[in-house]
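Working notes for the structure below.
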Number of protein chains: 2
Amino acid sequence: MILANENFGKLQSSYLFSEIAKRVAAYQQANPEVKIIRLGIGDVTLPLAPACLEAMHKAVDELGHEATFRGYGPEQGYGFLREAIAKKDYQARGCDISASEIFVSDGSKCDCANIQELFAQTLRIAIPDPVYPVYVDTNVMAGRTGPAVDGRYEGLHYLESTADNGFVPAPPEAPVDLIYLCFPNNPTGAVATREQLKAWVDYAKANKALILFDAAYEAFIRDPSIPHSIYEIEGAKDVAIEFRSFSKKAGFTGVRCAFTVVPENLVAYAKDGSEIRVHPLWNRRHTTKFNGVSYPVQRAAEAVYSSDGELQTTEQVDYYLGNAKLIRKGIEALGYACVGGDNSPYIWVNVKGDSWAFFDRLLREAQVVTTPGAGFGRCGEGYVRISAFNSRAKVEEAMARIAKALRA
Amino acid sequence: MILANENFGKLQSSYLFSEIAKRVAAYQQANPEVKIIRLGIGDVTLPLAPACLEAMHKAVDELGHEATFRGYGPEQGYGFLREAIAKKDYQARGCDISASEIFVSDGSKCDCANIQELFAQTLRIAIPDPVYPVYVDTNVMAGRTGPAVDGRYEGLHYLESTADNGFVPAPPEAPVDLIYLCFPNNPTGAVATREQLKAWVDYAKANKALILFDAAYEAFIRDPSIPHSIYEIEGAKDVAIEFRSFSKKAGFTGVRCAFTVVPENLVAYAKDGSEIRVHPLWNRRHTTKFNGVSYPVQRAAEAVYSSDGELQTTEQVDYYLGNAKLIRKGIEALGYACVGGDNSPYIWVNVKGDSWAFFDRLLREAQVVTTPGAGFGRCGEGYVRISAFNSRAKVEEAMARIAKALRA
């Protein structure tokens, strides 16, 4: 008899964004004439940078000729892209990361989801709250948690991110083995200082723990004192894996490209305490379960690092940061405390009440879609996330509507 | 302490294709003047069909304008592609498969590798021998096997594919729960008749087992009596998941697109014997761990089903089948028995001796690369796989060299 993986049954069924979509659709149907502005989901809106378009067209042309056609590429990604990443994203910032430590993939979601396969079933896992749901859900599916009780899974150690700690949790007193961190944070938009990251690296070293560092929003950092990579912290190469994406950096949400950095000397342990290098494990997983990223997509990603590509994609990020600044200023002027929006496309607003009620209020009274913080975890209650991914005109219009609604 | 998944340590370390690459490189280095012809790995060589190129260029252009830009798409794939697949690949053959049952992905390798996550740890798994290594390796990594002993993992039920059963194993006497089948077969090139597939479907129904049917080479079937899909067998929708790919059908090995069919009513079971539908499980896995296929790639895949695309890709497959026919004729004329090459790009040759020795002989004496059957499992010993993926001129030259070498 074919038995199912019953761990799937533990997953909380209502997925945040589908609940939002349902409420928005119902409101739109009841009010077909209103123009809803979406500042909810974190999806980009600007067209792809010309440098990326050109590279992609060129690569498609290559596939049309026998002499330049490419079939299977290396599962880990083409050398041209791995080299560009190592040089521009790491070596240029003084991080000693080489091309062989870069694994190109079709998305950070996949990488963050798949990485847990390399580790044992019996781990003490630290997960931020609020949190991007993928870290939690993939460990639930893999059977590393008990059932959910009051929205929290038994067996996970939650790292509470609240106003009290500036939304950057410190390492716990209790020892944990696998630590998920995300900075600039989704959903809060908070960033971690060098000192805060150093505390985590030191903790990981002391406890033989491993940090999974999600830096998908790294390109939004403008404060020169904030590290872009965990590898800017001394010793991090021994205790951290880093995830990066072209989704937000270069508008690749529909193009699909990302990468994971697994340092060559990073180790996990066997039950008998002996060291097991993680790089060969991820390499084996990547080559056995994945067949590489589409060639034209890899060429488009490479173009992000060309001089034109760097200018054009930086300009896009600046545009969204301009939106974020407007949102933050507008919200603060209305008397609401918030974090994020300066080194992040997200603004995390303390709504002084129930987050779904505030979401509903903005939808009904301002026709603006946000994301209720409660959907990201217990500590998200009382907040909404506002995203800067939209056109300037729509953001201005949304903020005018929100101001009118909340002042009424 | 961060413990590793020690099941990775059970994997047989020498990967077939890297061993081949090593031997070929060593030979080439020692003989820099010779021109090696590669009929080993199953990678396509013809340029992408014009219909696909055009669709891809058009989609890239769309990404360059705000009005037509697309960010995140549905994780399961765009409706335009799922509809085309359901209609052309299934409904046109009388299979009652709808678009909602199609999950678009970036490769059959990923799908075949990931599907086991939906099922319990304690399964009796039937695996063909010889076999595409991904089915086995992913279950080893997931901890469903014991260690390898003499090249076979403890706890797996091997389905021997030999000349005695025409390389199509019958269902076993013992009950198994999860069954991997691949037709047209990689590596043997054998196809399964309607009656043979019906026996498997009946077995699965009787034993509440599930069939994972890998039909990646379906486009190579030319015999009208051979089913292209497991769903051509009555009742298969209740017991089978099917994997398909654009890699060989349309030369997408570097473009990356595939799909999996999970029928809406297919069930697995809980430990208490109650039914659990598999479609929502795969949907949950797909939406949690994957973020959809690149938009231009999905448009290129859609173009495979246009009238131009169908003509052009069928012509490509016919070209490779023409190569396969030449190879099979040539090999048979030399007095070797073989299977495949008629409804498959692979010819499985009984070399009447050690498969690595024969591989080495063809490399040294004919400068032709094949794949030693022993690399695919114990029953592959005594065979080599010859692939038809190359240009006609190179195949002709290779066969002339092989004839000269083997007649010498």
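Letters A, B, ... go to the chains of the structure tokens in the order shown; residues in each chain start at 1; ligands are counted from 1 in the same order.
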
### Query
Using the chain letters and numbers from this document, which residues of segment 12-105 of chain B does DSSP assign to strand (DSSP E or B), as a ChimeraX atom specification?
/B:37-38,102-105

### Message
Which residues are near segment 139-154 of chain A? Cut-off 10 Å, only C-alpha atoms, ignore same chain within fewer than 3 positions. Put them as a PyMOL selection string.
### Response
(chain A and resi 5-12+113-114+116-117+120-125+129+134-136+157-158+374-375+377-378) or (chain B and resi 117-118+142+284-285+288)

- Task: Show which residues sit within 8 Å of segment 225-231 of chain B, as number ranges by chain. Count only C-alpha atoms, and ignore same-chain residues fewer than 6 positions away.
- Result: B: 90, 95-96, 191-194, 197, 213, 215, 218-219, 237, 240, 242

Practice prompt. At a cut-off of 6 Å, list the chain B residues touching chain A, using only C-alpha atoms, as a PyMOL selection string.
Written response: chain B and resi 1-5+46-48+63-66+69-72+110+113+118-120+177+208-209+253-256+268-270+289-290+294-295

With N, CA and C atoms retained, write the just-selected residues as a compact mmCIF listing (two decimals), in the first residue's frame.
```txt
# COMPACT_ATOMS: atom_id res chain seq x y z
N MET B 1 24.91 20.83 17.79
CA MET B 1 25.81 20.42 16.71
C MET B 1 24.99 20.11 15.46
N ILE B 2 25.44 20.65 14.34
CA ILE B 2 24.71 20.46 13.09
C ILE B 2 25.07 19.10 12.48
N LEU B 3 24.14 18.17 12.60
CA LEU B 3 24.39 16.82 12.09
C LEU B 3 24.01 16.73 10.62
N ALA B 4 24.85 16.03 9.84
CA ALA B 4 24.59 15.84 8.42
C ALA B 4 23.61 14.68 8.21
N ASN B 5 22.99 14.68 7.04
CA ASN B 5 22.18 13.54 6.60
C ASN B 5 23.16 12.47 6.14
N LEU B 46 20.79 19.30 -32.42
CA LEU B 46 20.18 20.18 -33.41
C LEU B 46 19.77 21.51 -32.78
N PRO B 47 19.87 22.60 -33.55
CA PRO B 47 19.44 23.90 -32.99
C PRO B 47 17.94 23.89 -32.68
N LEU B 48 17.54 24.79 -31.81
CA LEU B 48 16.15 24.91 -31.40
C LEU B 48 15.26 25.23 -32.62
N LEU B 63 8.98 41.23 -21.78
CA LEU B 63 9.57 41.56 -20.47
C LEU B 63 10.24 42.93 -20.46
N GLY B 64 10.44 43.49 -21.66
CA GLY B 64 11.10 44.78 -21.79
C GLY B 64 10.17 45.98 -21.76
N HIS B 65 8.88 45.72 -21.61
CA HIS B 65 7.92 46.84 -21.58
C HIS B 65 7.02 46.72 -20.36
N GLU B 66 6.79 47.84 -19.71
CA GLU B 66 6.01 47.82 -18.48
C GLU B 66 4.63 47.20 -18.68
N PHE B 69 5.21 43.37 -19.14
CA PHE B 69 6.13 42.70 -18.22
C PHE B 69 5.38 41.68 -17.35
N ARG B 70 6.05 40.56 -17.06
CA ARG B 70 5.47 39.57 -16.14
C ARG B 70 6.46 39.24 -15.04
N GLY B 71 6.00 39.28 -13.82
CA GLY B 71 6.83 38.89 -12.68
C GLY B 71 6.54 37.43 -12.34
N TYR B 72 6.31 37.17 -11.06
CA TYR B 72 5.98 35.81 -10.65
C TYR B 72 4.80 35.28 -11.45
N CYS B 110 14.30 16.85 -11.99
CA CYS B 110 13.81 17.42 -10.73
C CYS B 110 12.52 16.73 -10.30
N ALA B 113 12.98 13.28 -9.14
CA ALA B 113 13.76 13.31 -7.89
C ALA B 113 12.91 13.76 -6.71
N LEU B 118 6.58 13.02 -1.32
CA LEU B 118 5.15 12.96 -0.97
C LEU B 118 4.79 11.70 -0.21
N PHE B 119 5.73 10.73 -0.17
CA PHE B 119 5.36 9.42 0.35
C PHE B 119 6.11 9.09 1.64
N ALA B 120 5.64 8.07 2.31
CA ALA B 120 6.19 7.70 3.62
C ALA B 120 7.62 7.19 3.48
N ASP B 177 5.12 -1.09 -3.23
CA ASP B 177 4.22 0.05 -3.04
C ASP B 177 4.43 1.16 -4.06
N LYS B 208 -2.77 -1.67 -4.25
CA LYS B 208 -2.78 -0.26 -3.80
C LYS B 208 -1.39 0.35 -3.94
N ALA B 209 -0.74 0.04 -5.04
CA ALA B 209 0.59 0.58 -5.32
C ALA B 209 0.47 1.81 -6.22
N THR B 253 17.22 20.60 -23.82
CA THR B 253 18.11 20.22 -22.72
C THR B 253 18.78 21.45 -22.08
N GLY B 254 19.03 22.48 -22.88
CA GLY B 254 19.61 23.70 -22.34
C GLY B 254 18.59 24.78 -22.04
N VAL B 255 17.35 24.57 -22.49
CA VAL B 255 16.29 25.57 -22.30
C VAL B 255 15.52 25.30 -21.01
N ARG B 256 15.33 24.02 -20.69
CA ARG B 256 14.75 23.56 -19.41
C ARG B 256 13.25 23.73 -19.28
N ALA B 268 -3.14 8.23 -2.22
CA ALA B 268 -2.24 7.41 -1.40
C ALA B 268 -3.01 7.16 -0.11
N TYR B 269 -2.34 6.58 0.87
CA TYR B 269 -3.08 6.20 2.07
C TYR B 269 -2.35 6.67 3.33
N ALA B 270 -3.15 6.96 4.35
CA ALA B 270 -2.59 7.22 5.68
C ALA B 270 -2.34 5.87 6.35
N LYS B 289 8.06 24.88 -2.68
CA LYS B 289 9.48 24.68 -2.95
C LYS B 289 9.92 25.08 -4.35
N PHE B 290 9.04 25.69 -5.11
CA PHE B 290 9.34 26.00 -6.51
C PHE B 290 8.61 27.28 -6.87
N SER B 294 10.71 29.94 -15.99
CA SER B 294 10.95 31.21 -16.68
C SER B 294 9.88 31.46 -17.75
N TYR B 295 9.35 32.68 -17.77
CA TYR B 295 8.25 32.98 -18.71
C TYR B 295 8.63 32.74 -20.18
```

I'd like to know which residues of segment 69-305 of chain B are helix (DSSP H, G or I) (by DSSP, run on the backbone); could you write them as a PyMOL selection string?
chain B and resi 79-93+99-101+108-118+133-141+163-165+194-207+218-220+230-232+236-238+246-249+278-289+295-303

Just the residues within 9 Å of Gln367 of chain A, please, counting only C-alpha atoms, with nothing from its chain fewer than 6 positions along; format it as a PDB file with N, CA, C and O atoms, in the first residue's frame.
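Result file out.pdb:
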```pdb
ATOM      1  N   VAL A  34     -14.106  50.385  -8.578  1.00  0.00           N
ATOM      2  CA  VAL A  34     -12.925  50.943  -7.905  1.00  0.00           C
ATOM      3  C   VAL A  34     -11.621  50.390  -8.480  1.00  0.00           C
ATOM      4  O   VAL A  34     -11.573  49.264  -8.971  1.00  0.00           O
ATOM      5  N   LYS A  35     -10.607  51.232  -8.463  1.00  0.00           N
ATOM      6  CA  LYS A  35      -9.277  50.831  -8.950  1.00  0.00           C
ATOM      7  C   LYS A  35      -8.408  50.506  -7.739  1.00  0.00           C
ATOM      8  O   LYS A  35      -7.945  51.400  -7.023  1.00  0.00           O
ATOM      9  N   ILE A  36      -8.172  49.213  -7.546  1.00  0.00           N
ATOM     10  CA  ILE A  36      -7.385  48.761  -6.400  1.00  0.00           C
ATOM     11  C   ILE A  36      -5.894  48.933  -6.697  1.00  0.00           C
ATOM     12  O   ILE A  36      -5.446  48.667  -7.816  1.00  0.00           O
ATOM     13  N   ILE A  37      -5.135  49.412  -5.720  1.00  0.00           N
ATOM     14  CA  ILE A  37      -3.669  49.529  -5.870  1.00  0.00           C
ATOM     15  C   ILE A  37      -3.015  48.469  -4.986  1.00  0.00           C
ATOM     16  O   ILE A  37      -3.325  48.367  -3.799  1.00  0.00           O
ATOM     17  N   ARG A  38      -2.120  47.690  -5.573  1.00  0.00           N
ATOM     18  CA  ARG A  38      -1.533  46.559  -4.853  1.00  0.00           C
ATOM     19  C   ARG A  38      -0.145  46.869  -4.313  1.00  0.00           C
ATOM     20  O   ARG A  38       0.805  47.027  -5.064  1.00  0.00           O
ATOM     21  N   ARG A 361      -9.451  47.374   6.492  1.00  0.00           N
ATOM     22  CA  ARG A 361      -9.784  48.799   6.487  1.00  0.00           C
ATOM     23  C   ARG A 361      -9.124  49.507   5.298  1.00  0.00           C
ATOM     24  O   ARG A 361      -9.768  50.275   4.572  1.00  0.00           O
ATOM     25  N   ALA A 398      -1.718  55.816  -3.816  1.00  0.00           N
ATOM     26  CA  ALA A 398      -2.053  54.950  -2.671  1.00  0.00           C
ATOM     27  C   ALA A 398      -1.853  55.702  -1.360  1.00  0.00           C
ATOM     28  O   ALA A 398      -2.699  55.637  -0.457  1.00  0.00           O
ATOM     29  N   ARG A 401      -4.560  58.193  -0.769  1.00  0.00           N
ATOM     30  CA  ARG A 401      -5.805  57.540  -0.349  1.00  0.00           C
ATOM     31  C   ARG A 401      -5.724  57.064   1.105  1.00  0.00           C
ATOM     32  O   ARG A 401      -6.678  57.188   1.863  1.00  0.00           O
ATOM     33  N   ILE A 402      -4.542  56.497   1.457  1.00  0.00           N
ATOM     34  CA  ILE A 402      -4.374  55.993   2.823  1.00  0.00           C
ATOM     35  C   ILE A 402      -4.464  57.155   3.815  1.00  0.00           C
ATOM     36  O   ILE A 402      -5.129  57.068   4.859  1.00  0.00           O
TER      37      ILE A 402
END
```

Do you have the atom CA of Thr371 of chain B-atom CA of Val304 of chain B distance handy?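 That distance, rounded to one decimal, is 29.8 Å.
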
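From atom CA of Pro263 of chain A back to atom CA of Ile115 of chain A, the distance works out to 13.9 Å.
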
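Remark: for Ser245 of chain B, the closest of the candidate residues B:Glu75, B:Asp223, B:Asp164, B:Asp89 is B:Asp89 (distances computed over only C-alpha atoms).
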
Which one of A:Ala163, A:Leu362, A:Ala92, A:Leu334 sits closest to Val24 of chain A if you count only C-alpha atoms?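 That would be A:Leu362, the residue with the smallest distance to Val24 of chain A.
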
Min atom-atom distance to Asn186 of chain B from the set B:Val168, B:Ala26, B:Ala174, B:Met399, counting only C-alpha atoms, belongs to B:Val168

Would you mind listing what lies within 7 Å of Val261 of chain B as a PyMOL selection string, with only C-alpha atoms counted and same-chain residues fewer than 6 positions away left out?
chain B and resi 101-103+241-243

To one decimal place, how far is atom CA of Tyr132 of chain B from atom CA of Val104 of chain B in Å?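 Distance between the two atoms: 21.3 Å.
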
Can you list, as JSON, numbers by chain, every protein, DNA or RNA residue that comes within 8 Å of Leu81 of chain B when you count only C-alpha atoms, leaving out same-chain residues fewer than 6 positions away? {"B": [298, 299, 301, 302]}
